[in-house]
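J.: Got a structure for you, model_23.tsv, holding TSV, C-alpha atoms.
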chain	number	residue	atom	x	y	z
A	1	MET	CA	149.62	80.60	147.99
A	2	ARG	CA	146.48	82.22	149.40
A	3	LEU	CA	147.34	85.43	147.58
A	4	ILE	CA	147.63	83.56	144.32
A	5	ILE	CA	144.27	81.84	144.85
A	6	ASN	CA	142.61	85.14	145.79
A	7	SER	CA	144.09	86.79	142.72
A	8	ARG	CA	142.74	84.01	140.54
A	9	ARG	CA	139.33	84.36	142.14
A	10	ALA	CA	139.42	88.13	141.57
A	11	ILE	CA	140.35	87.67	137.93
A	12	PHE	CA	137.65	85.01	137.46
A	13	GLY	CA	135.06	87.22	139.18
A	14	ALA	CA	135.96	90.22	137.04
A	15	GLY	CA	135.68	88.11	133.91
A	16	CYS	CA	132.22	86.91	134.89
A	17	LEU	CA	131.15	90.46	135.59
A	18	LEU	CA	132.31	91.61	132.18
A	19	ALA	CA	130.51	88.71	130.52
A	20	VAL	CA	127.27	89.53	132.32
A	21	LEU	CA	127.58	93.19	131.35
A	22	ALA	CA	128.16	92.18	127.73
A	23	LEU	CA	125.04	90.00	127.75
A	24	ILE	CA	123.00	92.84	129.24
A	25	ALA	CA	124.31	95.24	126.61
A	26	ALA	CA	123.50	92.78	123.85
A	27	GLY	CA	120.01	92.35	125.18
A	28	CYS	CA	119.49	96.12	125.13
A	29	GLY	CA	120.72	96.54	121.57
A	30	ASN	CA	118.41	97.06	118.57
A	31	ASP	CA	117.60	94.24	116.22
A	32	ASP	CA	117.75	95.05	112.52
A	33	GLU	CA	113.95	95.27	112.38
A	34	ASP	CA	113.22	96.49	115.88
A	35	ASP	CA	113.51	99.91	117.50
A	36	GLY	CA	114.13	98.48	120.93
A	37	GLY	CA	110.49	98.92	121.92
A	38	GLY	CA	109.42	95.55	120.59
A	39	VAL	CA	107.91	96.76	117.31
A	40	PRO	CA	109.31	96.61	113.77
A	41	THR	CA	110.61	99.70	112.02
A	42	VAL	CA	108.92	100.60	108.74
A	43	ILE	CA	110.55	103.26	106.58
A	44	ALA	CA	108.47	105.41	104.23
A	45	THR	CA	110.15	107.55	101.61
A	46	THR	CA	107.95	110.65	102.09
A	47	SER	CA	106.12	112.20	105.01
A	48	ILE	CA	102.85	111.66	103.13
A	49	TRP	CA	103.28	107.91	102.92
A	50	ALA	CA	104.69	107.81	106.46
A	51	ASP	CA	101.43	109.26	107.76
A	52	VAL	CA	99.37	106.79	105.72
A	53	VAL	CA	101.48	103.88	107.02
A	54	ALA	CA	101.15	105.13	110.60
A	55	ASN	CA	97.36	105.11	110.22
A	56	VAL	CA	97.37	101.58	108.81
A	57	ALA	CA	99.74	100.42	111.56
A	58	CYS	CA	97.80	102.41	114.14
A	59	ASP	CA	98.20	102.33	117.93
A	60	GLY	CA	101.95	101.87	117.68
A	61	LEU	CA	101.98	98.56	115.79
A	62	ALA	CA	105.16	99.75	114.08
A	63	GLU	CA	107.59	102.60	114.35
A	64	VAL	CA	107.31	104.59	111.11
A	65	VAL	CA	110.36	106.55	109.97
A	66	THR	CA	110.59	108.98	107.05
A	67	VAL	CA	113.60	109.13	104.74
A	68	ILE	CA	112.81	112.42	102.99
A	69	PRO	CA	112.20	114.99	105.74
A	70	PRO	CA	109.00	117.05	105.82
A	71	GLY	CA	109.37	119.91	103.39
A	72	GLY	CA	111.79	117.95	101.20
A	73	ASP	CA	111.27	117.53	97.47
A	74	PRO	CA	110.93	113.81	96.65
A	75	HIS	CA	112.22	114.43	93.12
A	76	ALA	CA	115.42	116.11	94.30
A	77	PHE	CA	116.30	114.34	97.57
A	78	GLN	CA	119.65	112.55	97.73
A	79	PRO	CA	120.16	109.94	100.48
A	80	SER	CA	123.10	109.79	102.85
A	81	LEU	CA	125.04	106.69	103.88
A	82	SER	CA	123.11	106.62	107.15
A	83	ASP	CA	119.83	106.70	105.19
A	84	ARG	CA	120.93	103.61	103.32
A	85	GLU	CA	121.99	101.86	106.53
A	86	ASN	CA	118.62	102.60	108.12
A	87	MET	CA	116.82	101.28	105.06
A	88	GLU	CA	118.87	98.09	105.11
A	89	HIS	CA	117.75	97.47	108.71
A	90	ALA	CA	114.04	98.19	108.15
A	91	ALA	CA	111.38	95.51	108.27
A	92	LEU	CA	109.72	97.09	105.23
A	93	ILE	CA	110.23	100.10	102.97
A	94	VAL	CA	107.15	101.88	101.63
A	95	ALA	CA	107.89	103.89	98.50
A	96	ASN	CA	105.71	105.70	96.01
A	97	GLY	CA	107.20	104.20	92.87
A	98	LEU	CA	106.95	105.35	89.23
A	99	PHE	CA	110.31	107.07	89.69
A	100	LEU	CA	108.95	109.75	92.01
A	101	GLU	CA	111.91	109.32	94.39
A	102	GLU	CA	114.50	109.91	91.69
A	103	GLY	CA	117.57	110.21	93.89
A	104	LEU	CA	116.50	107.27	96.07
A	105	GLU	CA	115.85	104.75	93.31
A	106	ASP	CA	119.32	103.20	93.25
A	107	THR	CA	119.41	102.92	97.04
A	108	ILE	CA	115.94	101.38	97.20
A	109	ASP	CA	116.89	98.83	94.55
A	110	ALA	CA	120.17	98.02	96.30
A	111	VAL	CA	118.60	97.36	99.70
A	112	GLU	CA	115.82	95.38	98.02
A	113	ASP	CA	118.45	93.21	96.32
A	114	ALA	CA	120.05	92.77	99.74
A	115	GLY	CA	116.81	91.39	101.16
A	116	THR	CA	114.79	94.33	102.50
A	117	PRO	CA	111.21	94.08	101.18
A	118	VAL	CA	109.84	97.12	99.33
A	119	PHE	CA	106.18	98.05	98.89
A	120	ARG	CA	105.56	100.51	96.02
A	121	VAL	CA	102.16	102.15	96.39
A	122	ALA	CA	101.78	103.02	92.71
A	123	ASP	CA	101.91	99.31	91.86
A	124	HIS	CA	98.61	98.84	93.69
A	125	VAL	CA	96.42	101.63	92.27
A	126	SER	CA	95.15	102.57	88.84
A	127	VAL	CA	97.45	105.18	87.34
A	128	ILE	CA	96.93	107.89	84.76
A	129	GLU	CA	99.22	109.34	82.16
A	130	PHE	CA	100.66	112.81	82.21
A	131	GLY	CA	98.36	115.16	80.36
A	132	SER	CA	95.26	113.03	80.86
A	133	ALA	CA	93.77	115.77	83.08
A	134	MET	CA	93.43	117.98	80.03
A	135	GLY	CA	89.88	118.54	78.87
A	136	HIS	CA	87.86	117.04	81.73
A	137	ASP	CA	84.41	118.56	81.58
A	138	ASP	CA	82.40	116.14	83.68
A	139	HIS	CA	82.58	115.10	87.31
A	140	GLU	CA	80.38	112.52	88.93
A	141	ASP	CA	79.29	112.92	92.51
A	142	GLU	CA	79.32	109.17	93.04
A	143	HIS	CA	82.93	108.00	93.50
A	144	GLU	CA	83.23	104.29	92.88
A	145	ASP	CA	86.35	102.62	94.16
A	146	ASP	CA	87.25	101.08	90.83
A	147	HIS	CA	86.88	104.40	88.96
A	148	ASP	CA	85.24	102.64	86.02
A	149	ASP	CA	82.37	105.10	85.97
A	150	HIS	CA	84.33	108.34	86.23
A	151	GLU	CA	82.82	110.40	83.41
A	152	GLY	CA	85.14	111.64	80.72
A	153	HIS	CA	88.31	110.17	82.21
A	154	ASP	CA	88.22	106.40	82.85
A	155	HIS	CA	91.62	104.95	83.66
A	156	ASP	CA	91.32	101.35	82.65
A	157	GLU	CA	92.69	102.37	79.26
A	158	ASP	CA	89.25	102.32	77.68
A	159	GLU	CA	90.34	105.16	75.50
A	160	HIS	CA	93.14	102.95	74.21
A	161	GLU	CA	91.00	99.92	73.44
A	162	ASP	CA	91.98	99.97	69.81
A	163	ASP	CA	95.66	99.76	70.73
A	164	HIS	CA	96.34	103.29	69.62
A	165	ASP	CA	95.49	102.59	65.99
A	166	ASP	CA	93.38	105.73	65.87
A	167	HIS	CA	95.22	108.85	66.98
A	168	GLU	CA	92.57	111.17	65.66
A	169	ASP	CA	93.22	113.88	68.26
A	170	ASP	CA	96.95	114.05	67.75
A	171	HIS	CA	97.42	113.02	64.15
A	172	ASP	CA	94.49	114.34	62.13
A	173	ASP	CA	96.84	115.24	59.32
A	174	HIS	CA	97.90	111.59	59.06
A	175	GLU	CA	94.45	110.00	59.19
A	176	ASP	CA	94.95	108.24	55.89
A	177	ASP	CA	98.27	106.74	56.89
A	178	HIS	CA	97.08	104.04	59.29
A	179	ASP	CA	97.15	101.07	56.95
A	180	GLU	CA	100.73	100.05	57.65
A	181	ASP	CA	101.62	99.08	61.19
A	182	ASP	CA	105.23	99.62	62.19
A	183	GLY	CA	105.07	97.12	65.06
A	184	HIS	CA	104.49	99.68	67.80
A	185	GLY	CA	100.84	100.38	67.20
A	186	HIS	CA	101.85	103.55	65.28
A	187	ASP	CA	100.98	103.73	61.62
A	188	GLU	CA	102.04	107.27	60.72
A	189	ASP	CA	104.17	107.23	57.57
A	190	ASP	CA	106.24	110.22	58.57
A	191	HIS	CA	107.33	108.36	61.69
A	192	GLU	CA	108.07	105.00	60.13
A	193	ASP	CA	111.82	105.51	60.38
A	194	ASP	CA	111.55	106.24	64.07
A	195	HIS	CA	109.90	102.96	64.96
A	196	ASP	CA	111.86	100.35	63.03
A	197	GLU	CA	113.31	99.04	66.27
A	198	ASP	CA	110.94	97.89	69.00
A	199	ASP	CA	112.01	99.08	72.44
A	200	GLY	CA	110.74	95.87	73.93
A	201	HIS	CA	108.60	97.55	76.54
A	202	GLY	CA	105.27	97.63	74.79
A	203	HIS	CA	104.82	101.40	75.02
A	204	ASP	CA	102.93	102.85	72.12
A	205	GLU	CA	103.21	106.58	72.69
A	206	ASP	CA	105.56	108.23	70.19
A	207	ASP	CA	106.88	110.83	72.56
A	208	HIS	CA	107.58	108.33	75.33
A	209	GLU	CA	109.05	105.42	73.44
A	210	ASP	CA	112.50	105.94	74.94
A	211	ASP	CA	111.34	106.59	78.50
A	212	HIS	CA	111.36	103.00	79.66
A	213	ASP	CA	114.53	101.67	78.09
A	214	GLU	CA	116.38	100.97	81.33
A	215	ASP	CA	114.87	98.40	83.67
A	216	ASP	CA	116.23	98.09	87.19
A	217	GLY	CA	115.71	94.36	87.40
A	218	HIS	CA	112.65	94.72	89.61
A	219	GLY	CA	110.24	95.54	86.80
A	220	HIS	CA	110.58	99.27	87.52
A	221	ALA	CA	111.86	101.49	84.74
A	222	HIS	CA	114.59	103.96	85.64
A	223	ALA	CA	113.34	106.86	83.55
A	224	HIS	CA	110.38	109.18	83.45
A	225	GLY	CA	107.65	107.50	81.48
A	226	SER	CA	104.16	108.54	80.56
A	227	GLU	CA	102.63	107.44	83.88
A	228	ASP	CA	102.02	110.07	86.54
A	229	PRO	CA	103.46	109.12	89.97
A	230	HIS	CA	101.55	111.70	92.06
A	231	VAL	CA	98.87	109.19	93.07
A	232	TRP	CA	98.37	110.54	96.61
A	233	PHE	CA	96.39	113.51	95.31
A	234	ASP	CA	93.38	111.20	95.00
A	235	PRO	CA	92.25	110.01	98.46
A	236	ILE	CA	90.16	107.24	96.92
A	237	ARG	CA	93.20	105.76	95.23
A	238	VAL	CA	95.00	105.93	98.57
A	239	ALA	CA	92.04	104.12	100.16
A	240	ASP	CA	92.21	101.50	97.41
A	241	ALA	CA	95.87	100.79	98.28
A	242	LEU	CA	95.25	100.16	101.99
A	243	PRO	CA	94.47	96.41	101.81
A	244	ALA	CA	97.66	95.66	99.87
A	245	LEU	CA	99.69	97.84	102.23
A	246	SER	CA	98.16	96.08	105.22
A	247	GLN	CA	99.02	92.69	103.76
A	248	ALA	CA	102.64	93.77	103.21
A	249	LEU	CA	102.88	95.01	106.80
A	250	ALA	CA	101.55	91.67	108.03
A	251	THR	CA	103.57	89.33	105.84
A	252	GLN	CA	106.80	91.30	105.48
A	253	ALA	CA	106.99	93.25	108.75
A	254	GLY	CA	105.22	90.67	110.94
A	255	LEU	CA	102.48	92.97	112.22
A	256	ASP	CA	99.29	91.53	113.68
A	257	ALA	CA	96.85	91.03	110.80
A	258	ALA	CA	93.70	91.34	112.88
A	259	ALA	CA	94.86	94.59	114.42
A	260	LEU	CA	95.80	95.90	110.97
A	261	ASP	CA	92.32	95.08	109.68
A	262	GLU	CA	90.77	97.25	112.35
A	263	CYS	CA	93.14	100.12	111.57
A	264	VAL	CA	92.45	99.85	107.83
A	265	ALA	CA	88.69	99.84	108.30
A	266	ALA	CA	88.83	103.00	110.42
A	267	TYR	CA	91.23	104.85	108.14
A	268	HIS	CA	89.37	103.79	104.99
A	269	SER	CA	86.22	105.38	106.40
A	270	GLU	CA	88.13	108.58	107.13
A	271	LEU	CA	89.41	108.76	103.56
A	272	ILE	CA	85.94	108.21	102.10
A	273	ALA	CA	84.65	111.00	104.32
A	274	LEU	CA	87.56	113.20	103.23
A	275	ASP	CA	86.67	112.66	99.58
A	276	ALA	CA	83.09	113.78	100.24
A	277	GLU	CA	84.38	116.79	102.19
A	278	VAL	CA	86.61	117.85	99.29
A	279	ASP	CA	83.64	117.57	96.93
A	280	ALA	CA	81.68	119.87	99.20
A	281	VAL	CA	84.55	122.37	99.47
A	282	LEU	CA	84.84	122.53	95.69
A	283	ALA	CA	81.10	122.55	94.99
A	284	SER	CA	80.99	126.32	94.51
A	285	LEU	CA	83.40	126.16	91.57
A	286	HIS	CA	81.69	126.01	88.18
A	287	PRO	CA	83.26	123.84	85.47
A	288	GLU	CA	84.64	126.91	83.70
A	289	ASP	CA	86.43	127.88	86.93
A	290	ARG	CA	88.11	124.50	87.37
A	291	LEU	CA	91.25	125.39	85.47
A	292	LEU	CA	94.65	124.76	87.05
A	293	VAL	CA	98.00	126.36	86.27
A	294	THR	CA	100.61	124.75	88.50
A	295	ASN	CA	104.34	124.84	89.17
A	296	HIS	CA	104.92	121.36	87.76
A	297	ASP	CA	102.60	118.61	86.62
A	298	ALA	CA	101.70	117.31	90.09
A	299	LEU	CA	97.92	117.79	90.32
A	300	GLY	CA	96.79	115.40	87.60
A	301	TYR	CA	95.13	112.98	90.03
A	302	PHE	CA	93.41	115.79	91.91
A	303	ALA	CA	92.15	117.15	88.60
A	304	ASP	CA	91.06	113.71	87.51
A	305	ARG	CA	89.16	113.06	90.70
A	306	TYR	CA	87.41	116.37	91.06
A	307	GLY	CA	86.73	117.44	87.49
A	308	PHE	CA	89.48	120.00	86.86
A	309	GLN	CA	91.62	120.72	83.83
A	310	VAL	CA	95.36	121.28	84.17
A	311	ILE	CA	95.80	123.83	81.40
A	312	GLY	CA	99.45	124.66	81.97
A	313	THR	CA	102.55	124.22	84.13
A	314	VAL	CA	105.44	126.56	84.83
A	315	ILE	CA	107.85	123.62	84.63
A	316	PRO	CA	106.71	121.55	81.64
A	317	SER	CA	107.42	118.25	83.35
A	318	GLY	CA	106.26	115.79	85.97
A	319	SER	CA	109.55	116.40	87.79
A	320	THR	CA	110.72	119.53	89.57
A	321	LEU	CA	114.23	118.85	88.26
A	322	ALA	CA	113.26	120.22	84.86
A	323	ALA	CA	113.35	123.95	84.17
A	324	ALA	CA	110.95	126.61	82.97
A	325	SER	CA	111.57	128.43	79.70
A	326	PRO	CA	110.93	132.11	78.91
A	327	ALA	CA	108.94	131.18	75.83
A	328	GLY	CA	106.83	128.76	77.81
A	329	LEU	CA	106.14	131.34	80.50
A	330	GLN	CA	105.03	133.87	77.89
A	331	GLU	CA	102.65	131.31	76.42
A	332	LEU	CA	101.23	130.75	79.90
A	333	VAL	CA	100.66	134.49	80.33
A	334	GLU	CA	98.64	134.52	77.13
A	335	LEU	CA	96.74	131.39	78.15
A	336	ILE	CA	95.87	132.84	81.56
A	337	ASP	CA	94.62	135.99	79.87
A	338	GLU	CA	92.50	133.99	77.41
A	339	THR	CA	90.93	131.69	80.01
A	340	GLY	CA	90.51	134.20	82.82
A	341	VAL	CA	92.25	131.99	85.39
A	342	SER	CA	92.30	133.89	88.68
A	343	ALA	CA	95.14	132.05	90.46
A	344	ILE	CA	98.19	129.93	89.77
A	345	PHE	CA	99.65	127.46	92.23
A	346	SER	CA	103.22	127.20	93.48
A	347	GLU	CA	104.74	124.52	95.74
A	348	THR	CA	106.28	124.65	99.18
A	349	THR	CA	108.90	122.06	98.19
A	350	HIS	CA	110.25	124.02	95.23
A	351	SER	CA	111.38	127.55	94.46
A	352	SER	CA	108.45	129.78	93.54
A	353	ASP	CA	110.52	132.42	91.75
A	354	ASP	CA	109.31	131.55	88.25
A	355	THR	CA	105.73	131.11	89.44
A	356	GLU	CA	105.79	134.46	91.24
A	357	ALA	CA	107.18	136.11	88.10
A	358	LEU	CA	104.41	134.52	86.06
A	359	GLY	CA	101.81	135.77	88.52
A	360	ARG	CA	103.12	139.32	88.31
A	361	GLU	CA	103.22	139.26	84.52
A	362	ALA	CA	99.75	137.76	84.23
A	363	GLY	CA	98.29	139.89	87.01
A	364	VAL	CA	96.93	136.99	89.05
A	365	GLN	CA	97.55	135.77	92.59
A	366	VAL	CA	99.96	132.97	93.42
A	367	VAL	CA	98.75	130.40	95.95
A	368	SER	CA	101.25	128.06	97.62
A	369	LEU	CA	100.28	124.39	98.02
A	370	ASN	CA	101.91	121.47	99.77
A	371	THR	CA	102.48	118.90	97.06
A	372	GLY	CA	105.30	116.40	97.69
A	373	SER	CA	105.42	116.73	101.46
A	374	LEU	CA	103.21	117.31	104.46
A	375	GLY	CA	103.46	120.62	106.26
A	376	PRO	CA	104.84	121.02	109.79
A	377	ALA	CA	103.37	118.61	112.32
A	378	ASP	CA	101.40	121.34	114.08
A	379	SER	CA	100.01	122.85	110.86
A	380	SER	CA	96.72	122.19	109.05
A	381	SER	CA	98.71	120.16	106.49
A	382	GLY	CA	100.57	118.10	109.09
A	383	THR	CA	98.65	114.90	108.27
A	384	TYR	CA	97.65	113.41	104.94
A	385	ILE	CA	93.97	114.15	105.55
A	386	GLY	CA	94.81	117.70	106.55
A	387	PHE	CA	97.10	118.01	103.52
A	388	ILE	CA	94.29	117.14	101.08
A	389	ARG	CA	91.70	119.22	102.93
A	390	THR	CA	93.90	122.31	103.11
A	391	ASN	CA	94.95	122.12	99.46
A	392	ALA	CA	91.31	121.77	98.40
A	393	GLN	CA	90.37	124.82	100.45
A	394	LYS	CA	93.20	126.87	98.95
A	395	ILE	CA	92.25	125.85	95.42
A	396	ALA	CA	88.59	126.68	96.04
A	397	GLU	CA	89.48	130.09	97.48
A	398	GLY	CA	92.02	130.85	94.75
A	399	LEU	CA	89.70	130.03	91.87
A	400	GLY	CA	86.39	131.03	93.47
Kindly return the structure encoded in the file as structure tokens.
T.:
Amino acid sequence: MRLIINSRRAIFGAGCLLAVLALIAAGCGNDDEDDGGGVPTVIATTSIWADVVANVACDGLAEVVTVIPPGGDPHAFQPSLSDRENMEHAALIVANGLFLEEGLEDTIDAVEDAGTPVFRVADHVSVIEFGSAMGHDDHEDEHEDDHDDHEGHDHDEDEHEDDHDDHEDDHDDHEDDHDEDDGHGHDEDDHEDDHDEDDGHGHDEDDHEDDHDEDDGHGHAHAHGSEDPHVWFDPIRVADALPALSQALATQAGLDAAALDECVAAYHSELIALDAEVDAVLASLHPEDRLLVTNHDALGYFADRYGFQVIGTVIPSGSTLAAASPAGLQELVELIDETGVSAIFSETTHSSDDTEALGREAGVQVVSLNTGSLGPADSSSGTYIGFIRTNAQKIAEGLG
């Protein structure tokens, strides 16, 4: 009888021990929005936005994780199943938006539908259209946060105030054909058959009318439109996005609002100082020297901010997934010869073969820039501020 009782006690004791161990293990596990250190996990799509988020959530307010690894091309990156699982468990996802993260879009939308909040930076800054960096001749030294007084290239759609009724630059040969409106703000007679059906998205540009046909249900079009997503190349626009980002971190990720305010104030000052530093670095370049030939159309915001013209791209697209053409490259050779451009710019995140071939044919140097990703952590481009500073220095040296 005693043996039976002792056996029962042993079994009961072992069961209690296992239960205690299970409770301890559960207490040591990670919550969906916690890394085990007591802070939420925020996931940024690119290393650039991860660094910005880490500066807004400074002093370890959040653990910031990057989906696309440093050196990765945001246009070409494809997520794994573990990437999706990590995103589902994040307190907040910070994405660029405007279809920059092409391969991630479906995953971002899916986890957002499942309840993970998403902050898209491009929704909180003024954006420009592809090609708007053509023909900028003026650059003001005073950078106002709202960009309303940026000479020659305002971005509040002032140049479209007449709803695109006058396309005098692009349609001089149709200047007498503007009396009949086709419903899209286009009055050219030779295009009237192309605009009988409204695409329902309110886009007036002829060459982009089909770019926004598919909406993902979140108000974000799943196609390349006319708007340029490379907003991080303007540090003032990044500074302008900080308050909205801070609010999202507070309300969605539960970070301390007062602490975030202090981080934002400090980082905002650093970005304003960076902008002035870039101006000083580029001061030696005369307007006629501020001509950019790039691998793909990624430097529009840099050109817009600092008074450059993007006169040509090796890949005639805002995405690196497009391809160069022999005819286009030959045209660039002729353009480089005509303008006297002294350097063309390749990208660390994309093959430079075509750009190198162009440089050899045109007889000019090829300078490699970080564009869609920060450089290695221990490099001069390992932070966002270093990224902008280093690129500005390389551009000044290449064109000087």
J.: Using all atoms listed in the file, find the one residue out of A:Pro117, A:Gly71, A:Gly359, A:Gly307 that sits nearest to Val333 in chain A.
T.: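 Of A:Pro117, A:Gly71, A:Gly359, A:Gly307, the one nearest Val333 in chain A, counting all atoms listed in the file, is A:Gly359.
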J.: To one decimal in Å, tell me the separation between CA of Thr116 in chain A and CA of Ser373 in chain A.
T.: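 Separation of CA of Thr116 in chain A and CA of Ser373 in chain A: 24.3 Å.
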J.: At most 12 Å is the cut-off: for each residue in range 21-121 of chain A with any atom that close to an atom of range 285-300 of chain A, write down the nearest atom pair and the distance in Å rounded to one decimal, counting all atoms listed in the file, chain first then increasing number, as a tab-separated table.
T.:
residue	atom	partner	partner_atom	distance
A:Pro74	CA	A:Ala298	CA	11.9
A:His75	CA	A:Ala298	CA	11.3
A:Leu100	CA	A:Ala298	CA	10.6
J.: List as a VMD selection string the residues having at least one atom at most 12 Å from position (98.7, 125.2, 82.4) as given in the file, counting all atoms listed in the file.
T.: chain A and resid 131 133 to 135 290 to 300 308 to 317 328 to 339 341 343 to 345 355 358
J.: To one decimal in Å, tell me the separation between CA of Glu102 in chain A and CA of Ala76 in chain A.
T.: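 Result for CA of Glu102 in chain A versus CA of Ala76 in chain A: 6.8 Å, one decimal.
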J.: May I ask for the distance between CA of Ser246 in chain A and CA of Arg389 in chain A, given in Å to one decimal place?
T.: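 Spanning CA of Ser246 in chain A to CA of Arg389 in chain A is a straight-line distance of 24.1 Å.
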J.: Which residue out of A:Ser47, A:Ser269, A:Thr41, A:Thr107 has the minimum interatomic distance to Asn370 in chain A when only C-alpha atoms are used?
T.: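 Checking each of A:Ser47, A:Ser269, A:Thr41, A:Thr107 against Asn370 in chain A, counting only C-alpha atoms, the winner is A:Ser47.
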J.: Using all atoms listed in the file, can you tell me which of A:Gly254, A:Gly115, A:Gly97, A:Gly375 comes closest to Ile48 in chain A?
T.: A:Gly375
J.: Residues at most 8 Å from Val42 in chain A, counting all atoms listed in the file, excluding those fewer than 3 positions away in the same chain, as a list in words?
T.: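 Final neighbour list, sorted by chain and number: Ala62, Glu63, Val64, Val65, Ala90, Ala91, Leu92, Ile93, Val94 and Ala253 of chain A.
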J.: Starting from the sparse input, extend range 376-382 of chain A to all heavy atoms and give the output as a PDB file, keeping the file's coordinate frame.
T.:
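Saved result, result-v4.pdb, follows:
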ATOM      1  N   PRO A 376     104.386 121.277 108.419  1.00  0.00           N
ATOM      2  CA  PRO A 376     104.840 121.020 109.790  1.00  0.00           C
ATOM      3  C   PRO A 376     103.802 120.264 110.593  1.00  0.00           C
ATOM      4  O   PRO A 376     102.595 120.362 110.331  1.00  0.00           O
ATOM      5  CB  PRO A 376     105.052 122.441 110.341  1.00  0.00           C
ATOM      6  CG  PRO A 376     105.310 123.288 109.142  1.00  0.00           C
ATOM      7  CD  PRO A 376     104.459 122.703 108.051  1.00  0.00           C
ATOM      8  N   ALA A 377     104.262 119.502 111.566  1.00  0.00           N
ATOM      9  CA  ALA A 377     103.370 118.610 112.320  1.00  0.00           C
ATOM     10  C   ALA A 377     102.215 119.347 112.974  1.00  0.00           C
ATOM     11  O   ALA A 377     101.112 118.800 113.099  1.00  0.00           O
ATOM     12  CB  ALA A 377     104.178 117.844 113.367  1.00  0.00           C
ATOM     13  N   ASP A 378     102.444 120.592 113.388  1.00  0.00           N
ATOM     14  CA  ASP A 378     101.400 121.340 114.080  1.00  0.00           C
ATOM     15  C   ASP A 378     100.577 122.225 113.141  1.00  0.00           C
ATOM     16  O   ASP A 378      99.798 123.053 113.589  1.00  0.00           O
ATOM     17  CB  ASP A 378     102.010 122.207 115.177  1.00  0.00           C
ATOM     18  CG  ASP A 378     103.042 123.198 114.639  1.00  0.00           C
ATOM     19  OD1 ASP A 378     103.416 123.089 113.445  1.00  0.00           O
ATOM     20  OD2 ASP A 378     103.482 124.076 115.408  1.00  0.00           O
ATOM     21  N   SER A 379     100.735 122.034 111.825  1.00  0.00           N
ATOM     22  CA  SER A 379     100.010 122.850 110.860  1.00  0.00           C
ATOM     23  C   SER A 379      98.765 122.106 110.356  1.00  0.00           C
ATOM     24  O   SER A 379      98.577 120.917 110.621  1.00  0.00           O
ATOM     25  CB  SER A 379     100.905 123.197 109.669  1.00  0.00           C
ATOM     26  OG  SER A 379     101.144 122.047 108.869  1.00  0.00           O
ATOM     27  N   SER A 380      97.933 122.807 109.601  1.00  0.00           N
ATOM     28  CA  SER A 380      96.720 122.190 109.050  1.00  0.00           C
ATOM     29  C   SER A 380      97.049 121.124 108.014  1.00  0.00           C
ATOM     30  O   SER A 380      96.211 120.270 107.703  1.00  0.00           O
ATOM     31  CB  SER A 380      95.831 123.261 108.411  1.00  0.00           C
ATOM     32  OG  SER A 380      96.497 123.890 107.328  1.00  0.00           O
ATOM     33  N   SER A 381      98.281 121.156 107.476  1.00  0.00           N
ATOM     34  CA  SER A 381      98.710 120.160 106.490  1.00  0.00           C
ATOM     35  C   SER A 381      99.663 119.136 107.088  1.00  0.00           C
ATOM     36  O   SER A 381     100.399 118.472 106.370  1.00  0.00           O
ATOM     37  CB  SER A 381      99.403 120.866 105.306  1.00  0.00           C
ATOM     38  OG  SER A 381      98.530 121.743 104.641  1.00  0.00           O
ATOM     39  N   GLY A 382      99.632 118.988 108.410  1.00  0.00           N
ATOM     40  CA  GLY A 382     100.570 118.100 109.090  1.00  0.00           C
ATOM     41  C   GLY A 382     100.227 116.631 109.007  1.00  0.00           C
ATOM     42  O   GLY A 382     101.030 115.788 109.403  1.00  0.00           O
TER      43      GLY A 382
END
